[in-house]
Every structure is written in C-alpha cells, then in structure tokens.
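Raw contents of data.cif, mmCIF, C-alpha atoms:
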```cif
data_structure
loop_
_atom_site.label_atom_id
_atom_site.label_comp_id
_atom_site.auth_asym_id
_atom_site.auth_seq_id
_atom_site.Cartn_x
_atom_site.Cartn_y
_atom_site.Cartn_z
CA MET M 1 0.00 0.00 0.00
CA SER M 2 1.37 3.39 -1.01
CA SER M 3 2.04 5.92 1.72
CA LEU M 4 1.62 8.74 -0.81
CA ASN M 5 -1.76 10.47 -0.66
CA LEU M 6 -2.23 12.47 -3.86
CA ASP M 7 -5.34 14.12 -2.43
CA ASP M 8 -3.05 16.15 -0.19
CA PHE M 9 -2.04 18.24 -3.22
CA THR M 10 -5.61 19.46 -3.63
CA ASP M 11 -5.53 20.83 -0.09
CA LEU M 12 -2.05 22.32 -0.41
CA ILE M 13 -2.42 24.11 -3.75
CA GLU M 14 -4.05 27.53 -3.71
CA ARG M 15 -4.81 29.78 -6.65
CA PRO M 16 -2.60 32.80 -7.39
CA ASP M 17 -3.70 35.81 -5.33
CA GLY M 18 -6.87 37.24 -6.90
CA GLY M 19 -6.63 40.45 -4.90
CA VAL M 20 -3.13 41.08 -6.16
CA ARG M 21 -4.28 40.42 -9.73
CA ARG M 22 -7.02 43.05 -9.35
CA ASP M 23 -4.43 45.49 -8.00
CA ALA M 24 -2.25 44.75 -11.03
CA GLU M 25 -5.19 45.40 -13.35
CA THR M 26 -5.90 48.71 -11.60
CA ARG M 27 -2.26 49.73 -11.88
CA ARG M 28 -2.29 48.80 -15.57
CA GLU M 29 -5.27 51.12 -16.14
CA ARG M 30 -3.24 54.01 -14.70
CA GLN M 31 -0.23 53.52 -16.98
CA ILE M 32 0.46 55.75 -19.97
CA VAL M 33 -0.09 53.02 -22.57
CA PRO M 34 -3.82 52.28 -22.89
CA PRO M 35 -4.97 48.89 -21.52
CA GLY M 36 -5.21 46.35 -24.32
CA ALA M 37 -2.60 48.08 -26.49
CA LEU M 38 0.03 45.54 -25.40
CA GLY M 39 -2.17 42.54 -26.20
CA ARG M 40 -1.41 39.39 -24.21
CA LEU M 41 1.48 41.08 -22.45
CA ASP M 42 -1.07 42.78 -20.18
CA GLU M 43 -2.57 39.44 -19.19
CA LEU M 44 0.87 37.90 -18.69
CA GLY M 45 2.02 40.71 -16.44
CA GLU M 46 -1.11 40.47 -14.32
CA TRP M 47 -0.80 36.68 -14.07
CA LEU M 48 2.82 36.94 -12.98
CA ALA M 49 1.96 39.58 -10.38
CA ALA M 50 -0.73 37.31 -8.92
CA ALA M 51 1.61 34.30 -8.96
CA ARG M 52 4.35 36.25 -7.17
CA GLY M 53 1.93 38.11 -4.89
CA GLU M 54 3.23 41.61 -5.56
CA VAL M 55 2.43 44.84 -7.41
CA PRO M 56 4.45 46.04 -9.16
CA VAL M 57 5.79 42.63 -10.08
CA ARG M 58 9.52 41.99 -9.75
CA PRO M 59 11.43 40.99 -12.89
CA VAL M 60 12.11 37.33 -13.58
CA GLU M 61 15.74 37.16 -12.46
CA ARG M 62 16.50 33.49 -11.74
CA PRO M 63 14.76 31.27 -14.27
CA ARG M 64 15.98 27.73 -14.91
CA VAL M 65 15.41 25.09 -17.56
CA VAL M 66 14.63 21.72 -15.96
CA LEU M 67 14.66 18.68 -18.25
CA PHE M 68 13.58 15.21 -17.10
CA ALA M 69 15.23 12.42 -19.09
CA GLY M 70 14.33 8.82 -19.82
CA ASP M 71 14.15 6.06 -22.38
CA HIS M 72 10.89 4.25 -23.12
CA GLY M 73 10.61 0.56 -23.91
CA VAL M 74 7.87 1.20 -26.44
CA ALA M 75 10.55 2.73 -28.69
CA ARG M 76 11.66 -0.85 -29.43
CA LEU M 77 8.53 -1.15 -31.60
CA GLY M 78 9.94 1.38 -34.03
CA VAL M 79 7.55 4.21 -33.08
CA SER M 80 10.27 6.86 -33.17
CA ALA M 81 12.69 8.12 -35.80
CA ARG M 82 15.41 7.79 -33.15
CA PRO M 83 16.86 4.42 -32.07
CA ALA M 84 15.52 2.86 -28.87
CA GLY M 85 17.74 3.77 -25.94
CA GLY M 86 19.10 6.82 -27.75
CA ALA M 87 18.26 9.44 -25.13
CA GLU M 88 21.76 9.10 -23.68
CA GLN M 89 23.19 10.87 -26.73
CA LEU M 90 20.58 13.61 -26.49
CA VAL M 91 21.41 14.25 -22.84
CA ARG M 92 25.11 14.27 -23.59
CA ALA M 93 24.56 16.95 -26.25
CA VAL M 94 22.64 19.08 -23.74
CA LEU M 95 25.36 18.77 -21.11
CA GLU M 96 28.11 19.51 -23.64
CA GLY M 97 26.31 22.62 -24.89
CA ALA M 98 25.72 21.27 -28.39
CA SER M 99 21.90 21.00 -28.38
CA PRO M 100 19.38 23.68 -29.40
CA VAL M 101 18.25 24.22 -25.80
CA SER M 102 21.88 24.65 -24.70
CA VAL M 103 22.54 27.27 -27.38
CA LEU M 104 19.42 29.26 -26.50
CA ALA M 105 19.98 28.95 -22.76
CA ARG M 106 23.54 30.18 -23.15
CA ARG M 107 22.35 33.18 -25.15
CA LEU M 108 19.59 33.96 -22.63
CA GLU M 109 21.90 33.28 -19.66
CA VAL M 110 19.58 30.64 -18.21
CA PRO M 111 21.06 27.57 -16.47
CA VAL M 112 19.94 24.13 -17.63
CA ARG M 113 19.40 21.20 -15.28
CA VAL M 114 19.01 17.62 -16.52
CA VAL M 115 17.44 15.00 -14.24
CA ASP M 116 17.99 11.37 -15.30
CA MET M 117 14.97 9.32 -14.26
CA ALA M 118 15.25 6.28 -16.56
CA LEU M 119 17.97 6.57 -19.19
CA ASP M 120 18.93 3.23 -20.75
CA CYS M 121 22.62 3.50 -19.89
CA PRO M 122 24.87 2.79 -16.89
CA PRO M 123 24.31 5.26 -14.05
CA ASP M 124 27.98 6.24 -14.10
CA ALA M 125 27.61 7.58 -17.64
CA PHE M 126 26.75 11.02 -16.23
CA PRO M 127 27.72 13.13 -13.21
CA PRO M 128 26.14 12.32 -9.82
CA ASP M 129 23.99 15.47 -9.83
CA VAL M 130 22.32 14.25 -13.04
CA VAL M 131 21.66 10.64 -11.99
CA ARG M 132 21.00 10.86 -8.25
CA HIS M 133 17.19 10.74 -8.68
CA ARG M 134 17.22 7.84 -11.19
CA VAL M 135 14.53 5.22 -10.56
CA ARG M 136 15.42 2.53 -13.08
CA ARG M 137 17.12 1.85 -16.40
CA GLY M 138 14.51 2.50 -19.09
CA SER M 139 10.74 2.14 -18.74
CA GLY M 140 8.63 -0.89 -19.69
CA ARG M 141 6.95 -1.48 -23.06
CA ILE M 142 3.55 0.00 -22.33
CA ASP M 143 1.64 -1.82 -25.07
CA ILE M 144 2.14 -5.16 -23.26
CA GLU M 145 3.48 -4.38 -19.77
CA ASP M 146 3.57 -1.69 -17.13
CA ALA M 147 6.08 1.11 -17.54
CA LEU M 148 6.90 0.97 -13.83
CA THR M 149 6.10 -0.99 -10.72
CA PRO M 150 3.84 0.84 -8.24
CA GLU M 151 6.87 1.40 -6.01
CA GLU M 152 8.88 2.87 -8.88
CA ALA M 153 6.02 5.16 -9.87
CA GLU M 154 5.79 6.50 -6.33
CA ALA M 155 9.57 6.92 -6.12
CA ALA M 156 9.59 8.83 -9.41
CA LEU M 157 6.75 11.12 -8.38
CA ARG M 158 8.46 11.79 -5.05
CA ALA M 159 11.69 12.55 -6.93
CA GLY M 160 9.84 15.18 -8.97
CA VAL M 161 8.53 16.72 -5.76
CA ALA M 162 12.06 16.79 -4.35
CA VAL M 163 13.45 18.48 -7.48
CA ALA M 164 10.72 21.16 -7.26
CA ASP M 165 11.65 21.78 -3.61
CA GLU M 166 15.32 22.02 -4.54
CA GLU M 167 14.55 24.61 -7.20
CA ALA M 168 12.25 26.66 -4.99
CA ASP M 169 14.72 26.55 -2.08
CA SER M 170 17.62 27.63 -4.33
CA GLY M 171 15.77 30.79 -5.39
CA THR M 172 14.59 29.77 -8.86
CA ASP M 173 11.70 32.13 -9.65
CA LEU M 174 10.39 30.55 -12.88
CA VAL M 175 10.91 27.11 -14.46
CA VAL M 176 11.02 26.18 -18.13
CA LEU M 177 9.98 22.51 -18.09
CA GLY M 178 10.83 20.00 -20.79
CA ASP M 179 11.92 16.42 -21.42
CA VAL M 180 14.77 14.58 -23.10
CA SER M 181 13.50 11.18 -24.18
CA VAL M 182 13.22 8.62 -26.95
CA GLY M 183 9.71 7.23 -27.27
CA GLY M 184 8.31 9.74 -24.77
CA THR M 185 5.62 11.16 -27.04
CA THR M 186 3.95 7.72 -27.19
CA PRO M 187 3.13 7.39 -23.45
CA ALA M 188 2.28 11.10 -23.46
CA ALA M 189 -0.30 10.49 -26.19
CA VAL M 190 -1.70 7.51 -24.26
CA LEU M 191 -2.16 9.60 -21.11
CA ILE M 192 -3.88 12.38 -23.04
CA ALA M 193 -6.18 10.00 -24.93
CA ALA M 194 -7.09 8.19 -21.72
CA LEU M 195 -7.83 11.36 -19.75
CA CYS M 196 -9.67 13.08 -22.61
CA GLY M 197 -11.65 9.97 -23.57
CA THR M 198 -10.55 9.92 -27.19
CA ASP M 199 -9.09 7.43 -29.68
CA ALA M 200 -5.46 6.75 -30.52
CA SER M 201 -5.62 8.28 -34.00
CA VAL M 202 -6.74 11.64 -32.58
CA VAL M 203 -3.61 12.08 -30.44
CA THR M 204 -0.92 10.33 -32.50
CA GLY M 205 1.58 12.83 -33.84
CA ARG M 206 4.80 12.67 -35.82
CA GLY M 207 7.21 13.39 -32.98
CA GLY M 208 10.14 15.80 -32.74
CA LEU M 209 12.13 14.05 -35.47
CA ALA M 210 9.30 13.50 -37.93
CA ILE M 211 8.29 9.89 -38.65
CA ASP M 212 7.01 8.45 -41.92
CA ASP M 213 3.53 7.00 -42.48
CA LEU M 214 4.48 3.41 -41.66
CA THR M 215 6.09 4.46 -38.38
CA TRP M 216 3.04 6.58 -37.60
CA MET M 217 0.82 3.52 -38.04
CA ARG M 218 3.02 1.47 -35.68
CA LYS M 219 2.89 4.29 -33.16
CA CYS M 220 -0.89 4.56 -33.45
CA ALA M 221 -1.24 0.79 -32.88
CA ALA M 222 1.02 0.96 -29.82
CA ILE M 223 -1.04 3.82 -28.37
CA ARG M 224 -4.25 1.89 -29.06
CA ASP M 225 -2.93 -1.19 -27.24
CA ALA M 226 -1.64 0.86 -24.31
CA LEU M 227 -4.98 2.64 -24.06
CA ARG M 228 -6.67 -0.70 -23.38
CA ARG M 229 -4.34 -1.10 -20.42
CA ALA M 230 -4.83 2.48 -19.24
CA ARG M 231 -8.61 2.66 -19.07
CA PRO M 232 -9.08 0.24 -16.13
CA VAL M 233 -6.83 2.40 -13.89
CA LEU M 234 -8.08 5.86 -14.86
CA GLY M 235 -9.38 6.50 -11.34
CA ASP M 236 -5.90 6.23 -9.79
CA GLN M 237 -3.36 8.62 -11.29
CA LEU M 238 -0.37 6.90 -9.70
CA GLN M 239 -1.46 3.55 -11.13
CA LEU M 240 -2.02 5.24 -14.48
CA LEU M 241 1.53 6.59 -14.54
CA ALA M 242 2.85 3.16 -13.55
CA ALA M 243 0.84 1.39 -16.23
CA VAL M 244 1.39 3.63 -19.26
CA GLY M 245 3.66 6.51 -18.22
CA GLY M 246 7.31 6.21 -17.32
CA ALA M 247 9.72 7.38 -14.64
CA ASP M 248 10.36 10.72 -16.36
CA LEU M 249 6.63 11.39 -16.81
CA ALA M 250 5.81 10.45 -13.22
CA ALA M 251 8.60 12.72 -11.99
CA MET M 252 7.38 15.61 -14.14
CA THR M 253 3.87 15.16 -12.72
CA GLY M 254 5.18 15.36 -9.16
CA PHE M 255 7.37 18.30 -10.10
CA LEU M 256 4.42 20.27 -11.53
CA LEU M 257 2.27 19.58 -8.48
CA GLN M 258 4.96 20.64 -6.02
CA CYS M 259 5.79 23.76 -8.04
CA ALA M 260 2.14 24.76 -7.61
CA VAL M 261 2.40 24.05 -3.88
CA ARG M 262 5.52 26.21 -3.67
CA ARG M 263 3.94 28.96 -5.82
CA LEU M 264 6.67 28.56 -8.45
CA PRO M 265 5.46 29.44 -11.99
CA VAL M 266 6.22 26.99 -14.80
CA ILE M 267 6.34 27.35 -18.59
CA LEU M 268 5.36 24.03 -20.21
CA ASP M 269 7.17 22.83 -23.32
CA GLY M 270 5.72 20.21 -25.65
CA VAL M 271 3.38 17.23 -25.59
CA VAL M 272 5.26 15.30 -22.86
CA ALA M 273 5.20 18.14 -20.32
CA THR M 274 1.61 18.90 -21.29
CA ALA M 275 0.53 15.28 -20.76
CA CYS M 276 2.06 15.35 -17.29
CA ALA M 277 0.25 18.63 -16.61
CA LEU M 278 -3.03 16.97 -17.57
CA VAL M 279 -2.39 14.15 -15.09
CA ALA M 280 -1.48 16.72 -12.44
CA GLN M 281 -4.70 18.64 -13.15
CA ARG M 282 -6.67 15.45 -12.52
CA ILE M 283 -4.95 15.20 -9.13
CA ALA M 284 -5.30 18.89 -8.14
CA PHE M 285 -7.69 21.02 -10.21
CA ARG M 286 -6.15 24.36 -9.16
CA ALA M 287 -2.62 23.42 -10.25
CA PRO M 288 -2.90 24.69 -13.89
CA ASP M 289 -3.29 28.25 -12.58
CA TRP M 290 0.49 28.16 -11.98
CA TRP M 291 1.47 27.13 -15.50
CA LEU M 292 1.86 28.76 -18.90
CA ALA M 293 1.81 26.91 -22.21
CA GLY M 294 5.01 28.05 -23.87
CA HIS M 295 4.21 27.12 -27.45
CA ALA M 296 2.14 25.00 -29.80
CA SER M 297 4.33 22.14 -30.99
CA GLY M 298 1.96 20.88 -33.66
CA GLU M 299 1.41 17.58 -31.82
CA PRO M 300 -2.35 16.83 -31.85
CA GLY M 301 -2.17 15.41 -28.34
CA GLN M 302 -0.71 18.62 -26.98
CA ALA M 303 -3.49 20.69 -28.56
CA LYS M 304 -6.10 18.36 -27.08
CA ALA M 305 -4.61 18.56 -23.58
CA LEU M 306 -4.13 22.33 -23.62
CA ASP M 307 -7.74 22.77 -24.68
CA ARG M 308 -8.85 20.56 -21.79
CA MET M 309 -6.85 22.68 -19.33
CA ALA M 310 -7.89 25.99 -20.97
CA LEU M 311 -4.25 26.98 -21.54
CA GLU M 312 -3.46 29.05 -24.63
CA PRO M 313 0.06 28.75 -26.11
CA LEU M 314 2.16 31.90 -26.02
CA LEU M 315 3.94 31.13 -29.31
CA GLU M 316 3.22 29.24 -32.51
CA GLN M 317 6.52 28.78 -34.28
CA GLY M 318 6.20 25.11 -35.27
CA VAL M 319 9.09 24.09 -32.98
CA LYS M 320 9.06 20.30 -32.63
CA VAL M 321 12.53 19.55 -31.31
CA GLY M 322 11.44 19.18 -27.68
CA GLU M 323 14.03 19.53 -24.90
CA GLY M 324 12.33 22.68 -23.61
CA VAL M 325 13.25 24.73 -26.69
CA GLY M 326 9.76 26.03 -27.50
CA ALA M 327 9.07 26.94 -23.88
CA LEU M 328 12.44 28.66 -23.56
CA LEU M 329 11.61 30.79 -26.60
CA ALA M 330 8.59 32.07 -24.66
CA LEU M 331 10.70 33.17 -21.68
CA PRO M 332 11.67 36.57 -23.17
CA LEU M 333 7.97 37.26 -23.69
CA VAL M 334 7.25 36.60 -20.01
CA ARG M 335 10.19 38.73 -18.96
CA ALA M 336 9.01 41.54 -21.24
CA ALA M 337 5.53 41.40 -19.72
CA ALA M 338 6.98 41.69 -16.22
CA ALA M 339 9.21 44.62 -17.20
CA LEU M 340 6.38 46.54 -18.86
CA ALA M 341 4.01 45.92 -15.97
CA ALA M 342 6.56 47.17 -13.46
CA GLU M 343 8.33 49.97 -15.30
CA LEU M 344 5.84 51.78 -17.52
CA PRO M 345 5.11 55.14 -15.85
CA GLU M 346 1.65 56.04 -14.64
CA LYS M 347 -0.36 58.94 -16.00
CA GLU M 348 -0.29 62.31 -14.30
CA PRO M 349 -3.56 63.13 -12.46
CA ALA M 350 -4.45 65.75 -15.08
CA GLU M 351 -4.14 63.17 -17.85
CA GLU M 352 -6.40 60.76 -15.95
CA THR M 353 -9.03 63.47 -15.53
CA ALA M 354 -8.88 64.32 -19.23
CA ASP M 355 -9.26 60.65 -20.15
CA GLU M 356 -12.25 60.28 -17.85
CA SER M 357 -13.90 63.39 -19.36
CA ALA M 358 -13.36 62.03 -22.86
CA GLU M 359 -14.94 58.74 -21.85
CA GLU M 360 -17.95 60.51 -20.33
CA THR M 361 -18.39 62.60 -23.50
CA ALA M 362 -18.24 59.51 -25.66
CA GLU M 363 -20.84 57.78 -23.47
CA LYS M 364 -23.18 60.79 -23.72
CA GLU M 365 -22.85 60.88 -27.51
CA GLN M 366 -23.64 57.17 -27.71
CA SER M 367 -26.73 57.62 -25.53
CA MET M 368 -27.97 60.50 -27.75
CA ASP M 369 -27.57 58.30 -30.82
#
```
Entire entry expressed as structure tokens:
Amino acid sequence: MSSLNLDDFTDLIERPDGGVRRDAETRRERQIVPPGALGRLDELGEWLAAARGEVPVRPVERPRVVLFAGDHGVARLGVSARPAGGAEQLVRAVLEGASPVSVLARRLEVPVRVVDMALDCPPDAFPPDVVRHRVRRGSGRIDIEDALTPEEAEAALRAGVAVADEEADSGTDLVVLGDVSVGGTTPAAVLIAALCGTDASVVTGRGGLAIDDLTWMRKCAAIRDALRRARPVLGDQLQLLAAVGGADLAAMTGFLLQCAVRRLPVILDGVVATACALVAQRIAFRAPDWWLAGHASGEPGQAKALDRMALEPLLEQGVKVGEGVGALLALPLVRAAAALAAELPEKEPAEETADESAEETAEKEQSMD
C-alpha cells in the first residue's frame, strides 16, 4: 500500500492571489499606454503579479530550464525516428552545450538542469547530480506491460517533488519545463487519450524528429494497445503513470504539483510536459493556474490537452525539437511582460481626468444616438 496520498495536493495548492491580480489590473489602467494596447502582455504581467503576490511585479531574475530524461521501452517497436535507448546521446549533447536548448539557454543566460529518471545507460555515464534521482534503467513497453512498478512510480513522483523543492529553495523564480526522451511522445499520447476519452488516432503525432507514415501507423497501434491497459486504472493517477507513463513522466507530474504548492510558476514545453500537466490537473484542479503553455508544438495530443486545461500557447513557431526549446523561446515574452508591468510610468492626475472626461463625453454621444 502506497504511503503517498495524492489528495493532499488538492488541499495544499491555492490559486494565485486574486486580490493582487485586481491590484495589477488597476495599476495597468493608470499607466500611460492604454490597456489592451500591449495585447497578451497585459494578461501575462497580471498573471505573474498574482503568482508572485506583488504589485508592481519583480522581474524574472532566476529562471531555470529543468529537463527530465528517460528512455521508453515502447521505442523498441519502431515508433520513433530515433533508435531505442538513444536518449543518452541527447542528454550528452545538452550537457556539452551542443543541443538547441543549450545554445538558446547560453544566449539567454539561463542555467539548464538535466534529471535522469530512466535513461537506458549505466548510471555512471553522467555526473552524480544528473543521476541521483534515477529510478530505473529505461521504462517498460507500455503496449504489453507496465512502464513501472507501483513502487517505482511512487519513487519517481516523489523525486519530482524533491526536485521542485530544490529549485524553490535555491531561489529559482520561474521554471522552463521540458523532457529529453526517446519514445516519450507515445506514453504522453496515451495519457492524453485516456484522460480526454478519445481514440489513438486523434492524439498520435509525428514526434520531434518526424516519422514516416508506416512508423506513424506502428505508433498509433502501440497507443491503441496501451490505451486498453490504461482505461481500467483511470481512477488512480499513480497507477495510471505506472501502467502507461514512465519514470520521467511520473517525476514531471510530481514536479508540476509541487511547483504549484511552492507557488513557483512553470512554462510548459511540448506534448510530454503537457501530458504530465493533464495528469497533475486530474490530481489537483487548481494546479494549472500556476502554469503557462510556452508554445504550440503541432502535436495533436498537446493541442487536445491544452484545450482541456484551458491553456493558450504563447507562441506558434512550429518548434518540434522538444528539450524545452519552445518553452524557452517564450521566456523573453514573459520577462518583457513583467518589465512593462513594473516599469511603464503612470499617468499624471491631469491626464487621468482628461481621459475620464473624454470617456464621459463619448458615453453621452452614444446615448444621444
């Protein structure tokens, strides 16, 4: 019997401060640029103020990219354009600064953290700070077997909680969340289809490294078979993650929940992070109030899950590479919103009076018409 009570997250997670958000909206109305003229930047600034509980909102000064890594047994079916067990090379590229996320993070001066949860390689292949939360070597083939044992699923979720606490305690003020995996979009699609009550074909995408039609059909069949195994355990999210998730997905779910507990905002990357967010929403319905959807990756499963959580992507650039790249591209937008909300000057009292008089005149003219 698990000692982990997921219902506790519902009690621990509160919404961002509504009073602070109203104060931010009032301040925005007093600034020299008319409300609405900055588009979604207004909404972003107000959301960030509520999440951080302050008006004017402080700038985002200590963001971090956090990437959970793992290999998935289902990749052995040929559902990915990458070889099964190939996530080790992807992680190595990130750590050596040769991956897209590393290049962008270096340019934006944002540190990158990789957390190995289930890479299919010896644990001594990477430094201790990367592998110390590892649960197992690879995850099971979800079309015919569980990804994890119940004990491994709980350990992975607890590891995600611990990583969130480490980030919050170290002063991280915003997280860009992504994954480094081979085969990870397949369990992500299964989770989304199961929780949204839809068929495999609706959520099966082409992946970061695009697959051909034959591979897509194999992937769709694997998702269909895994869905049959997922539906009987839909009422228990920990069992669901054990059956058709993986150690990296379970850890990301725990991470998202604990970030909401710790009032730490998160920008979600692609379909894998979004699938974990959907599981976390099922556990604690207020948790999505602490997350932003960084971008639309083009994966149909991601679009389905974001719609279910009522999260609108900040960017639509067609970025499919994963590894947190799309979400990291959205970080400058969030930083810009915070800067504008905090630093735009307010109108002089005379200007406010003139604006109010103009509004009253316009209202009178409309009533005469």
Can you list every residue of region 261-340 of chain M that has an atom at most 9 Å from region 150-170 of chain M, with its nearest atom pair and the distance in Å to one decimal, using all atoms listed in the file, ordered by chain then number, as a tab-separated table?
```
residue	atom	partner	partner_atom	distance
M:Arg262	CA	M:Ala168	CA	6.9
M:Arg263	CA	M:Ala168	CA	8.7
M:Leu264	CA	M:Ala168	CA	6.8
```
Which residues, named as in the file, does the PyMOL selection byres ((chain M and resi 63) around 10) pick out? Answer as an mmCIF file with C-alpha atoms, in the frame of the given file.
```cif
data_model
loop_
_atom_site.group_PDB
_atom_site.id
_atom_site.type_symbol
_atom_site.label_atom_id
_atom_site.label_comp_id
_atom_site.auth_asym_id
_atom_site.auth_seq_id
_atom_site.Cartn_x
_atom_site.Cartn_y
_atom_site.Cartn_z
ATOM 1 C CA VAL M 60 12.110 37.330 -13.580
ATOM 2 C CA GLU M 61 15.740 37.160 -12.460
ATOM 3 C CA ARG M 62 16.500 33.490 -11.740
ATOM 4 C CA ARG M 64 15.980 27.730 -14.910
ATOM 5 C CA VAL M 65 15.410 25.090 -17.560
ATOM 6 C CA VAL M 66 14.630 21.720 -15.960
ATOM 7 C CA GLU M 109 21.900 33.280 -19.660
ATOM 8 C CA VAL M 110 19.580 30.640 -18.210
ATOM 9 C CA PRO M 111 21.060 27.570 -16.470
ATOM 10 C CA VAL M 112 19.940 24.130 -17.630
ATOM 11 C CA GLU M 167 14.550 24.610 -7.200
ATOM 12 C CA GLY M 171 15.770 30.790 -5.390
ATOM 13 C CA THR M 172 14.590 29.770 -8.860
ATOM 14 C CA ASP M 173 11.700 32.130 -9.650
ATOM 15 C CA LEU M 174 10.390 30.550 -12.880
ATOM 16 C CA VAL M 175 10.910 27.110 -14.460
ATOM 17 C CA VAL M 176 11.020 26.180 -18.130
ATOM 18 C CA PRO M 265 5.460 29.440 -11.990
ATOM 19 C CA VAL M 266 6.220 26.990 -14.800
ATOM 20 C CA LEU M 328 12.440 28.660 -23.560
ATOM 21 C CA LEU M 331 10.700 33.170 -21.680
ATOM 22 C CA ARG M 335 10.190 38.730 -18.960
#
```
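Here the PyMOL selection byres ((chain M and resi 316) around 7) catches exactly these residues: His295, Ala296, Leu315, Gln317 and Gly318 of chain M.
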Handout entry: Selection dump of the PyMOL selection byres ((chain M and resi 292) around 8), as number ranges by chain
Key = M: 265-268, 290-291, 293-294, 311-314
Output as JSON the centre and edge lengths (Å, one decimal) of the box along x, y and z of the file that holds every listed atom of region 51-66 of chain M after adding 6 Å on each side.
```
{"center_x": 9.1, "center_y": 33.9, "center_z": -11.2, "size_x": 26.9, "size_y": 36.3, "size_z": 24.7}
```
Practice task
Using all atoms listed in the file, determine which residues lie at most 10 Å from region 118-131 of chain M, disregarding the query and same-chain residues fewer than 6 positions distant; provide the list as a PyMOL selection string.
Solution key: chain M and resi 68-73+84-88+91-92+95+137-139+156+180-182+246-248
